[in-house]
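Peer 1: What follows is work-v7.cif; its format and atoms are mmCIF, C-alpha atoms.
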```cif
data_data
loop_
_atom_site.label_atom_id
_atom_site.label_comp_id
_atom_site.auth_asym_id
_atom_site.auth_seq_id
_atom_site.Cartn_x
_atom_site.Cartn_y
_atom_site.Cartn_z
CA ALA A 1340 -1.26 -24.90 50.74
CA THR A 1341 -1.10 -22.43 53.63
CA ILE A 1342 -4.87 -21.97 53.69
CA ARG A 1343 -5.43 -25.75 53.65
CA GLU A 1344 -2.99 -26.15 56.54
CA VAL A 1345 -4.71 -23.44 58.59
CA LEU A 1346 -8.16 -24.89 57.88
CA SER A 1347 -6.95 -28.34 58.93
CA GLU A 1348 -5.58 -26.92 62.17
CA LEU A 1349 -8.83 -25.02 62.91
CA ALA A 1350 -10.85 -28.17 62.19
CA GLY A 1351 -8.58 -30.20 64.48
CA GLU A 1352 -9.19 -27.70 67.29
CA GLY A 1353 -12.96 -27.78 66.73
CA TRP A 1354 -13.34 -24.18 65.55
CA ILE A 1355 -14.68 -25.15 62.14
CA LEU A 1356 -16.41 -28.14 60.57
CA ARG A 1357 -15.33 -29.39 57.17
CA ARG A 1358 -17.84 -31.41 55.19
CA HIS A 1359 -16.59 -33.01 52.00
CA GLY A 1360 -18.72 -31.80 49.12
CA ASN A 1361 -20.56 -29.21 51.28
CA GLY A 1362 -17.87 -26.81 52.41
CA THR A 1363 -16.29 -25.41 55.57
CA PHE A 1364 -18.45 -23.96 58.35
CA ILE A 1365 -17.96 -22.31 61.73
CA ASN A 1366 -18.76 -24.84 64.46
CA PRO A 1367 -22.30 -23.85 65.61
CA THR A 1368 -21.67 -25.01 69.18
CA LEU A 1369 -19.19 -22.14 69.54
CA MET A 1370 -22.05 -19.69 69.03
CA GLU A 1371 -23.89 -21.18 72.04
CA ARG A 1372 -21.08 -20.61 74.55
CA LYS A 1373 -21.88 -18.19 77.32
CA THR A 1374 -18.30 -17.02 77.77
CA PRO A 1375 -16.24 -16.41 74.65
CA MET A 1376 -12.52 -16.99 75.10
CA MET A 1377 -11.29 -14.63 72.39
CA PRO A 1378 -10.83 -11.93 73.20
CA MET A 1379 -10.21 -13.20 76.71
CA PRO A 1380 -12.89 -11.69 78.96
CA PHE A 1381 -12.11 -10.24 82.36
CA PHE A 1382 -13.02 -12.64 85.15
CA LEU A 1383 -14.83 -9.86 87.03
CA ASP A 1384 -17.07 -9.29 83.99
CA ILE A 1385 -17.85 -13.02 83.72
CA ILE A 1386 -18.87 -13.17 87.39
CA GLU A 1387 -20.99 -10.04 87.10
CA GLY A 1388 -22.60 -11.43 83.94
CA TYR A 1389 -24.00 -14.28 86.02
CA GLY A 1390 -25.65 -11.82 88.42
CA LYS A 1391 -23.07 -12.25 91.19
CA LYS A 1392 -21.10 -9.59 93.04
CA PRO A 1393 -17.46 -9.96 91.95
CA SER A 1394 -14.45 -9.34 94.16
CA ILE A 1395 -10.76 -10.24 94.20
CA GLN A 1396 -8.84 -11.66 97.16
CA PHE A 1397 -5.07 -11.19 97.09
CA VAL A 1398 -3.54 -14.55 98.10
CA ASN A 1399 0.22 -14.18 97.66
CA TYR A 1400 3.07 -12.75 95.64
CA ALA A 1401 6.50 -14.32 95.25
CA LEU A 1402 9.67 -14.02 93.21
CA ILE A 1403 10.66 -17.44 91.92
CA ARG A 1404 13.61 -18.84 90.00
CA ASN A 1405 14.20 -21.99 88.02
CA SER A 1406 10.60 -22.64 87.08
CA GLN A 1407 11.32 -24.30 83.76
CA GLU A 1408 7.71 -24.46 82.61
CA ALA A 1409 6.99 -20.79 83.40
CA ALA A 1410 10.31 -19.63 81.93
CA GLN A 1411 9.72 -21.63 78.75
CA ARG A 1412 6.21 -20.23 78.31
CA LEU A 1413 7.49 -16.69 78.90
CA ARG A 1414 10.45 -17.30 76.54
CA LEU A 1415 12.92 -16.52 79.33
CA PRO A 1416 16.12 -18.29 80.38
CA PRO A 1417 15.34 -20.74 83.24
CA GLU A 1418 17.51 -18.79 85.72
CA GLU A 1419 15.56 -15.52 85.26
CA GLU A 1420 13.42 -14.28 88.13
CA ILE A 1421 9.70 -14.63 87.55
CA VAL A 1422 6.86 -13.12 89.55
CA ARG A 1423 4.07 -15.46 90.66
CA LEU A 1424 0.95 -13.62 91.78
CA THR A 1425 -2.02 -15.59 93.12
CA LEU A 1426 -5.50 -14.07 93.23
CA ALA A 1427 -8.84 -15.63 94.18
CA TYR A 1428 -11.88 -14.27 92.38
CA ARG A 1429 -15.13 -14.46 94.32
CA ALA A 1430 -18.74 -14.59 93.16
CA ASP A 1431 -20.64 -13.12 96.09
CA SER A 1432 -18.60 -14.71 98.89
CA GLU A 1433 -17.65 -17.98 97.18
CA VAL A 1434 -14.24 -18.50 95.52
CA CYS A 1435 -14.95 -19.43 91.91
CA ILE A 1436 -11.61 -18.70 90.19
CA VAL A 1437 -8.08 -19.14 91.49
CA CYS A 1438 -5.57 -17.43 89.27
CA HIS A 1439 -1.80 -17.94 89.28
CA ASP A 1440 -0.20 -15.27 87.12
CA TYR A 1441 3.44 -15.50 86.08
CA PHE A 1442 5.37 -12.67 84.46
CA ASP A 1443 8.92 -11.46 83.92
CA ALA A 1444 10.21 -9.82 87.11
CA LYS A 1445 12.00 -7.22 84.96
CA LEU A 1446 8.61 -5.66 84.20
CA ILE A 1447 8.40 -4.32 87.75
CA ASP A 1448 10.59 -3.04 90.56
CA PRO A 1449 10.34 -5.93 93.07
CA GLU A 1450 11.27 -3.58 95.93
CA THR A 1451 8.33 -1.26 95.34
CA PHE A 1452 5.75 -3.45 93.57
CA ALA A 1453 2.59 -3.72 95.63
CA PRO A 1454 -0.11 -5.96 94.15
CA MET A 1455 -3.37 -4.09 93.81
CA LYS A 1456 -6.16 -5.78 95.68
CA GLN A 1457 -9.19 -5.19 93.42
CA CYS A 1458 -7.94 -5.32 89.85
CA SER A 1459 -6.90 -7.91 87.30
CA ILE A 1460 -3.33 -8.77 86.41
CA PHE A 1461 -3.88 -6.95 83.12
CA GLN A 1462 -4.62 -3.70 84.94
CA MET A 1463 -1.71 -4.23 87.36
CA LEU A 1464 0.77 -4.77 84.55
CA TYR A 1465 -0.56 -1.77 82.67
CA GLU A 1466 -0.41 0.54 85.69
CA THR A 1467 2.98 -0.64 86.97
CA ALA A 1468 4.84 -1.46 83.75
CA GLY A 1469 2.87 0.07 80.89
CA CYS A 1470 2.39 -3.45 79.51
CA VAL A 1471 -0.78 -3.90 77.43
CA VAL A 1472 -2.09 -7.43 76.85
CA VAL A 1473 -3.70 -7.68 73.43
CA TRP A 1474 -4.27 -11.39 72.83
CA ALA A 1475 -4.01 -14.76 74.52
CA ASN A 1476 -3.49 -18.40 73.63
CA THR A 1477 -5.88 -20.35 75.86
CA LEU A 1478 -5.90 -24.03 76.81
CA LEU A 1479 -8.85 -25.46 78.77
CA SER A 1480 -8.78 -28.76 80.63
CA ALA A 1481 -10.84 -30.50 83.29
CA THR A 1482 -9.28 -31.25 86.66
CA ASP A 1483 -10.27 -31.30 90.33
CA THR A 1484 -9.24 -29.94 93.72
CA LEU A 1485 -7.21 -33.07 94.48
CA ARG A 1486 -4.89 -32.19 91.58
CA VAL A 1487 -4.92 -28.47 92.42
CA PRO A 1488 -4.82 -28.49 96.24
CA GLN A 1489 -4.30 -24.74 96.68
CA ALA A 1490 -7.58 -24.12 94.85
CA GLY A 1491 -9.25 -26.66 97.12
CA GLN A 1492 -7.95 -24.86 100.22
CA LEU A 1493 -9.18 -21.46 98.99
CA MET A 1494 -12.54 -22.98 98.06
CA ARG A 1495 -12.79 -24.60 101.51
CA VAL A 1496 -13.08 -28.14 100.16
CA ALA A 1497 -12.61 -30.72 102.92
CA PRO A 1498 -9.19 -32.49 102.89
CA GLY A 1499 -9.39 -35.59 100.72
CA ALA A 1500 -12.64 -34.45 99.11
CA SER A 1501 -12.78 -33.53 95.47
CA LYS A 1502 -14.56 -30.76 93.60
CA PRO A 1503 -14.38 -30.47 89.80
CA LEU A 1504 -12.44 -27.56 88.31
CA LEU A 1505 -11.90 -26.08 84.90
CA LEU A 1506 -8.22 -25.32 84.45
CA VAL A 1507 -7.53 -22.38 82.15
CA LYS A 1508 -3.94 -21.87 81.02
CA ASN A 1509 -3.34 -18.65 79.16
CA ILE A 1510 -0.25 -17.30 77.57
CA CYS A 1511 -1.01 -13.62 77.14
CA TYR A 1512 0.88 -11.47 74.66
CA ASP A 1513 1.61 -7.74 74.60
CA THR A 1514 1.56 -5.35 71.65
CA LYS A 1515 5.00 -6.63 70.55
CA ASP A 1516 3.86 -10.29 70.72
CA HIS A 1517 5.97 -10.94 73.84
CA PRO A 1518 4.43 -13.38 76.31
#
```
Now, as a test, write the supplied structure out as structure tokens.

Peer 2:
Amino acid sequence: ATIREVLSELAGEGWILRRHGNGTFINPTLMERKTPMMPMPFFLDIIEGYGKKPSIQFVNYALIRNSQEAAQRLRLPPEEEIVRLTLAYRADSEVCIVCHDYFDAKLIDPETFAPMKQCSIFQMLYETAGCVVVWANTLLSATDTLRVPQAGQLMRVAPGASKPLLLVKNICYDTKDHP
């Protein structure tokens, strides 16, 4: 029963194809993807893989409270302080990824934490808190710069104009399965 349930879930998410009378198969379109999502690749590696020079632009860092969505995803009480770190990843000189990272403020000392300019959030958390990310739950959806205005500003899209975006929402987990 457990295996049937898991196979049904994988089929519903498109990972496998189930053909009555023929069997269960890995979805062949997954083999054609250029960027695998598991394990989650580093954005700098993706950019470099396309022959572009990668760089990271530090945008901002803030301590926030009462962000119900972030607190729920991090399994924290809503009143806990959360760090929001925003980075813009560039391919050559063009912004191609805008990343809002949220994590428990208790992982760092807010008085001394200084976001590193040219490394991923994974490296920052490892170097400042000893936190190692080992897996991620990823949700992809299509959107545009009208719905994500900060991305539009960083990408220099004219006000009122729209540019398509791929929105990637990750919940990353450490070695103890804590988000």

Peer 1: Pick out the closest residue to Tyr1400 of chain A from this set: A:Ala1350, A:Ala1430, A:Cys1438, A:Leu1383. Count only C-alpha atoms.

Peer 2: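 Counting only C-alpha atoms, the residue closest to Tyr1400 of chain A is A:Cys1438.
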
Peer 1: Identify, on the basis of all atoms listed in the file, every residue whose closest approach to Cys1511 of chain A does not exceed 7 Å; exclude the query and any residue fewer than 6 positions from it along the same chain; express the result as a list in words.

Peer 2: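 Contacts, with the query itself left out: Val1472, Trp1474, Ala1475, Asn1476 and Pro1518 of chain A.
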
Peer 1: So what do you get for atom CA of Ala1444 of chain A versus atom CA of Leu1415 of chain A, distance-wise?

Peer 2: 10.6 Å

Peer 1: Rank A:Ile1395, A:His1359, A:Asn1366, A:Pro1488 by their smallest atom-to-atom distance to Pro1454 of chain A, using only C-alpha atoms, and report the top residue only.

Peer 2: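 Of the candidates, the smallest distance to Pro1454 of chain A is held by A:Ile1395.
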
Peer 1: I'd like the interatomic distance between atom CA of Asp1448 of chain A and atom CA of Thr1514 of chain A, to a tenth of an Å.

Peer 2: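 Straight-line distance from atom CA of Asp1448 of chain A to atom CA of Thr1514 of chain A works out to 21.1 Å.
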
Peer 1: Choose the residue, out of A:Glu1418, A:Asp1431, A:Asp1443, A:Asp1516, that has the smallest atom-to-atom separation from Ile1386 of chain A; count only C-alpha atoms.

Peer 2: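 Residue with the minimum atom-to-atom distance to Ile1386 of chain A: A:Asp1431.
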
Peer 1: What is the distance, in Å and to one decimal place, between atom CA of Pro1416 of chain A and atom CA of Ala1490 of chain A?

Peer 2: 28.4 Å

Peer 1: Taking the file as I've supplied it (selection: the PyMOL selection byres ((chain A and resi 1465-1471) around 6)), which residues are included? Please answer as a PDB file with C-alpha atoms, keeping the file's coordinate frame.

Peer 2:
```pdb
ATOM      1  CA  LEU A1446       8.610  -5.660  84.200  1.00  0.00           C
ATOM      2  CA  GLN A1462      -4.620  -3.700  84.940  1.00  0.00           C
ATOM      3  CA  MET A1463      -1.710  -4.230  87.360  1.00  0.00           C
ATOM      4  CA  LEU A1464       0.770  -4.770  84.550  1.00  0.00           C
ATOM      5  CA  VAL A1472      -2.090  -7.430  76.850  1.00  0.00           C
ATOM      6  CA  ASP A1513       1.610  -7.740  74.600  1.00  0.00           C
TER       7      ASP A1513
END
```

Peer 1: Report the residues retrieved by the PyMOL selection byres ((chain A and resi 1435) around 12) from the displayed file, expressed as a PDB file with C-alpha atoms, in the frame of the given file.

Peer 2:
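To be explicit, this is the file written out as out-v7.pdb:
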```pdb
ATOM      1  CA  PHE A1382     -13.020 -12.640  85.150  1.00  0.00           C
ATOM      2  CA  LEU A1383     -14.830  -9.860  87.030  1.00  0.00           C
ATOM      3  CA  ILE A1385     -17.850 -13.020  83.720  1.00  0.00           C
ATOM      4  CA  ILE A1386     -18.870 -13.170  87.390  1.00  0.00           C
ATOM      5  CA  TYR A1389     -24.000 -14.280  86.020  1.00  0.00           C
ATOM      6  CA  LYS A1391     -23.070 -12.250  91.190  1.00  0.00           C
ATOM      7  CA  LYS A1392     -21.100  -9.590  93.040  1.00  0.00           C
ATOM      8  CA  PRO A1393     -17.460  -9.960  91.950  1.00  0.00           C
ATOM      9  CA  SER A1394     -14.450  -9.340  94.160  1.00  0.00           C
ATOM     10  CA  ILE A1395     -10.760 -10.240  94.200  1.00  0.00           C
ATOM     11  CA  GLN A1396      -8.840 -11.660  97.160  1.00  0.00           C
ATOM     12  CA  LEU A1426      -5.500 -14.070  93.230  1.00  0.00           C
ATOM     13  CA  ALA A1427      -8.840 -15.630  94.180  1.00  0.00           C
ATOM     14  CA  TYR A1428     -11.880 -14.270  92.380  1.00  0.00           C
ATOM     15  CA  ARG A1429     -15.130 -14.460  94.320  1.00  0.00           C
ATOM     16  CA  ALA A1430     -18.740 -14.590  93.160  1.00  0.00           C
ATOM     17  CA  ASP A1431     -20.640 -13.120  96.090  1.00  0.00           C
ATOM     18  CA  SER A1432     -18.600 -14.710  98.890  1.00  0.00           C
ATOM     19  CA  GLU A1433     -17.650 -17.980  97.180  1.00  0.00           C
ATOM     20  CA  VAL A1434     -14.240 -18.500  95.520  1.00  0.00           C
ATOM     21  CA  ILE A1436     -11.610 -18.700  90.190  1.00  0.00           C
ATOM     22  CA  VAL A1437      -8.080 -19.140  91.490  1.00  0.00           C
ATOM     23  CA  CYS A1438      -5.570 -17.430  89.270  1.00  0.00           C
ATOM     24  CA  ALA A1490      -7.580 -24.120  94.850  1.00  0.00           C
ATOM     25  CA  GLY A1491      -9.250 -26.660  97.120  1.00  0.00           C
ATOM     26  CA  LEU A1493      -9.180 -21.460  98.990  1.00  0.00           C
ATOM     27  CA  MET A1494     -12.540 -22.980  98.060  1.00  0.00           C
ATOM     28  CA  ARG A1495     -12.790 -24.600 101.510  1.00  0.00           C
ATOM     29  CA  LYS A1502     -14.560 -30.760  93.600  1.00  0.00           C
ATOM     30  CA  PRO A1503     -14.380 -30.470  89.800  1.00  0.00           C
ATOM     31  CA  LEU A1504     -12.440 -27.560  88.310  1.00  0.00           C
ATOM     32  CA  LEU A1505     -11.900 -26.080  84.900  1.00  0.00           C
ATOM     33  CA  LEU A1506      -8.220 -25.320  84.450  1.00  0.00           C
TER      34      LEU A1506
END
```

Peer 1: Evaluated on this file, the PyMOL selection byres ((chain A and resi 1365) around 7) picks out some residues - which ones are they, written as an mmCIF file with C-alpha atoms, in the frame of the given file?

Peer 2:
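After the write, out38.cif holds the following:
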```
data_model
loop_
_atom_site.group_PDB
_atom_site.id
_atom_site.type_symbol
_atom_site.label_atom_id
_atom_site.label_comp_id
_atom_site.auth_asym_id
_atom_site.auth_seq_id
_atom_site.Cartn_x
_atom_site.Cartn_y
_atom_site.Cartn_z
ATOM 1 C CA TRP A 1354 -13.340 -24.180 65.550
ATOM 2 C CA ILE A 1355 -14.680 -25.150 62.140
ATOM 3 C CA LEU A 1356 -16.410 -28.140 60.570
ATOM 4 C CA PHE A 1364 -18.450 -23.960 58.350
ATOM 5 C CA ASN A 1366 -18.760 -24.840 64.460
ATOM 6 C CA PRO A 1367 -22.300 -23.850 65.610
#
```

Peer 1: Find the residue from A:Val1496, A:Val1487, A:Val1345, A:Ala1401 that sits nearest to Glu1450 of chain A; use all atoms listed in the file when measuring.

Peer 2: A:Ala1401

Peer 1: What lies within 10 Å of Glu1408 of chain A using only C-alpha atoms, ignoring chain neighbours under 5 positions off, as a PDB file with C-alpha atoms, in the frame of the given file?

Peer 2:
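Once written, out.pdb looks like this:
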```pdb
ATOM      1  CA  LEU A1413       7.490 -16.690  78.900  1.00  0.00           C
ATOM      2  CA  ARG A1414      10.450 -17.300  76.540  1.00  0.00           C
ATOM      3  CA  PRO A1417      15.340 -20.740  83.240  1.00  0.00           C
TER       4      PRO A1417
END
```

Peer 1: Name the closest residue to Thr1477 of chain A among the candidates A:Val1507, A:Ala1497, A:Leu1424, A:Ala1340; distances are taken between atoms, counting all atoms listed in the file.

Peer 2: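 The closest residue to Thr1477 of chain A is A:Val1507.
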
Peer 1: With only C-alpha atoms as the atoms that count, which of A:Gly1499, A:Val1473, A:Asn1399, A:Phe1442 lies nearest to Lys1515 of chain A?

Peer 2: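 Residue with the minimum atom-to-atom distance to Lys1515 of chain A: A:Val1473.
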
Peer 1: Take every atom of segment 1423-1429 of chain A listed in the file, fit an axis-aligned box around them, add 6 Å per side, and give the centre and edge lengths in Å to one decimal as lines of an AutoDock Vina configuration file.

Peer 2:
```
center_x = -5.5
center_y = -14.6
center_z = 92.5
size_x = 31.2
size_y = 14.0
size_z = 15.7
```

Peer 1: Missing atoms in segment 1492-1503 of chain A: fill them in up to all heavy atoms and send the result as an mmCIF file, keeping the file's coordinate frame.

Peer 2:
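The file below, part29.cif, is the result:
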```
data_model
loop_
_atom_site.group_PDB
_atom_site.id
_atom_site.type_symbol
_atom_site.label_atom_id
_atom_site.label_comp_id
_atom_site.auth_asym_id
_atom_site.auth_seq_id
_atom_site.Cartn_x
_atom_site.Cartn_y
_atom_site.Cartn_z
ATOM 1 N N GLN A 1492 -8.059 -25.554 98.932
ATOM 2 C CA GLN A 1492 -7.950 -24.860 100.220
ATOM 3 C C GLN A 1492 -8.700 -23.531 100.176
ATOM 4 O O GLN A 1492 -9.449 -23.198 101.088
ATOM 5 C CB GLN A 1492 -6.486 -24.623 100.582
ATOM 6 C CG GLN A 1492 -5.728 -25.894 100.892
ATOM 7 C CD GLN A 1492 -4.225 -25.666 100.919
ATOM 8 O OE1 GLN A 1492 -3.728 -24.602 100.588
ATOM 9 N NE2 GLN A 1492 -3.488 -26.707 101.284
ATOM 10 N N LEU A 1493 -8.498 -22.754 99.108
ATOM 11 C CA LEU A 1493 -9.180 -21.460 98.990
ATOM 12 C C LEU A 1493 -10.686 -21.620 98.851
ATOM 13 O O LEU A 1493 -11.450 -20.770 99.290
ATOM 14 C CB LEU A 1493 -8.623 -20.680 97.802
ATOM 15 C CG LEU A 1493 -7.199 -20.158 97.980
ATOM 16 C CD1 LEU A 1493 -6.629 -19.697 96.653
ATOM 17 C CD2 LEU A 1493 -7.178 -19.029 98.991
ATOM 18 N N MET A 1494 -11.113 -22.733 98.246
ATOM 19 C CA MET A 1494 -12.540 -22.980 98.060
ATOM 20 C C MET A 1494 -13.161 -23.695 99.259
ATOM 21 O O MET A 1494 -14.328 -24.029 99.241
ATOM 22 C CB MET A 1494 -12.762 -23.784 96.778
ATOM 23 C CG MET A 1494 -12.306 -23.058 95.534
ATOM 24 S SD MET A 1494 -12.323 -24.087 94.065
ATOM 25 C CE MET A 1494 -14.039 -23.939 93.623
ATOM 26 N N ARG A 1495 -12.348 -23.947 100.275
ATOM 27 C CA ARG A 1495 -12.790 -24.600 101.510
ATOM 28 C C ARG A 1495 -13.362 -26.003 101.274
ATOM 29 O O ARG A 1495 -14.378 -26.377 101.843
ATOM 30 C CB ARG A 1495 -13.779 -23.730 102.262
ATOM 31 C CG ARG A 1495 -13.180 -22.417 102.717
ATOM 32 C CD ARG A 1495 -14.137 -21.674 103.626
ATOM 33 N NE ARG A 1495 -13.643 -20.319 103.824
ATOM 34 C CZ ARG A 1495 -14.327 -19.233 103.496
ATOM 35 N NH1 ARG A 1495 -15.524 -19.324 102.997
ATOM 36 N NH2 ARG A 1495 -13.806 -18.045 103.704
ATOM 37 N N VAL A 1496 -12.700 -26.756 100.398
ATOM 38 C CA VAL A 1496 -13.080 -28.140 100.160
ATOM 39 C C VAL A 1496 -12.400 -28.982 101.232
ATOM 40 O O VAL A 1496 -11.214 -28.796 101.520
ATOM 41 C CB VAL A 1496 -12.640 -28.588 98.736
ATOM 42 C CG1 VAL A 1496 -12.922 -30.057 98.520
ATOM 43 C CG2 VAL A 1496 -13.324 -27.733 97.687
ATOM 44 N N ALA A 1497 -13.139 -29.882 101.837
ATOM 45 C CA ALA A 1497 -12.610 -30.720 102.920
ATOM 46 C C ALA A 1497 -11.400 -31.516 102.422
ATOM 47 O O ALA A 1497 -11.383 -31.975 101.276
ATOM 48 C CB ALA A 1497 -13.685 -31.658 103.430
ATOM 49 N N PRO A 1498 -10.369 -31.691 103.290
ATOM 50 C CA PRO A 1498 -9.190 -32.490 102.890
ATOM 51 C C PRO A 1498 -9.615 -33.875 102.423
ATOM 52 O O PRO A 1498 -10.440 -34.535 103.046
ATOM 53 C CB PRO A 1498 -8.361 -32.563 104.176
ATOM 54 C CG PRO A 1498 -8.803 -31.378 104.982
ATOM 55 C CD PRO A 1498 -10.250 -31.176 104.654
ATOM 56 N N GLY A 1499 -9.064 -34.282 101.288
ATOM 57 C CA GLY A 1499 -9.390 -35.590 100.720
ATOM 58 C C GLY A 1499 -10.627 -35.581 99.838
ATOM 59 O O GLY A 1499 -10.844 -36.513 99.076
ATOM 60 N N ALA A 1500 -11.453 -34.550 99.954
ATOM 61 C CA ALA A 1500 -12.640 -34.450 99.110
ATOM 62 C C ALA A 1500 -12.247 -33.839 97.767
ATOM 63 O O ALA A 1500 -11.203 -33.203 97.651
ATOM 64 C CB ALA A 1500 -13.714 -33.598 99.784
ATOM 65 N N SER A 1501 -13.089 -34.032 96.796
ATOM 66 C CA SER A 1501 -12.780 -33.530 95.470
ATOM 67 C C SER A 1501 -13.942 -32.696 94.938
ATOM 68 O O SER A 1501 -15.102 -33.031 95.121
ATOM 69 C CB SER A 1501 -12.538 -34.711 94.517
ATOM 70 O OG SER A 1501 -12.327 -34.251 93.214
ATOM 71 N N LYS A 1502 -13.583 -31.604 94.273
ATOM 72 C CA LYS A 1502 -14.560 -30.760 93.600
ATOM 73 C C LYS A 1502 -14.025 -30.527 92.190
ATOM 74 O O LYS A 1502 -12.842 -30.241 92.015
ATOM 75 C CB LYS A 1502 -14.699 -29.434 94.351
ATOM 76 C CG LYS A 1502 -15.802 -28.549 93.839
ATOM 77 C CD LYS A 1502 -16.019 -27.357 94.757
ATOM 78 C CE LYS A 1502 -17.181 -26.529 94.249
ATOM 79 N NZ LYS A 1502 -17.479 -25.418 95.151
ATOM 80 N N PRO A 1503 -14.878 -30.655 91.163
ATOM 81 C CA PRO A 1503 -14.380 -30.470 89.800
ATOM 82 C C PRO A 1503 -13.966 -29.028 89.532
ATOM 83 O O PRO A 1503 -14.544 -28.090 90.083
ATOM 84 C CB PRO A 1503 -15.571 -30.866 88.920
ATOM 85 C CG PRO A 1503 -16.762 -30.773 89.795
ATOM 86 C CD PRO A 1503 -16.299 -30.964 91.208
#
```
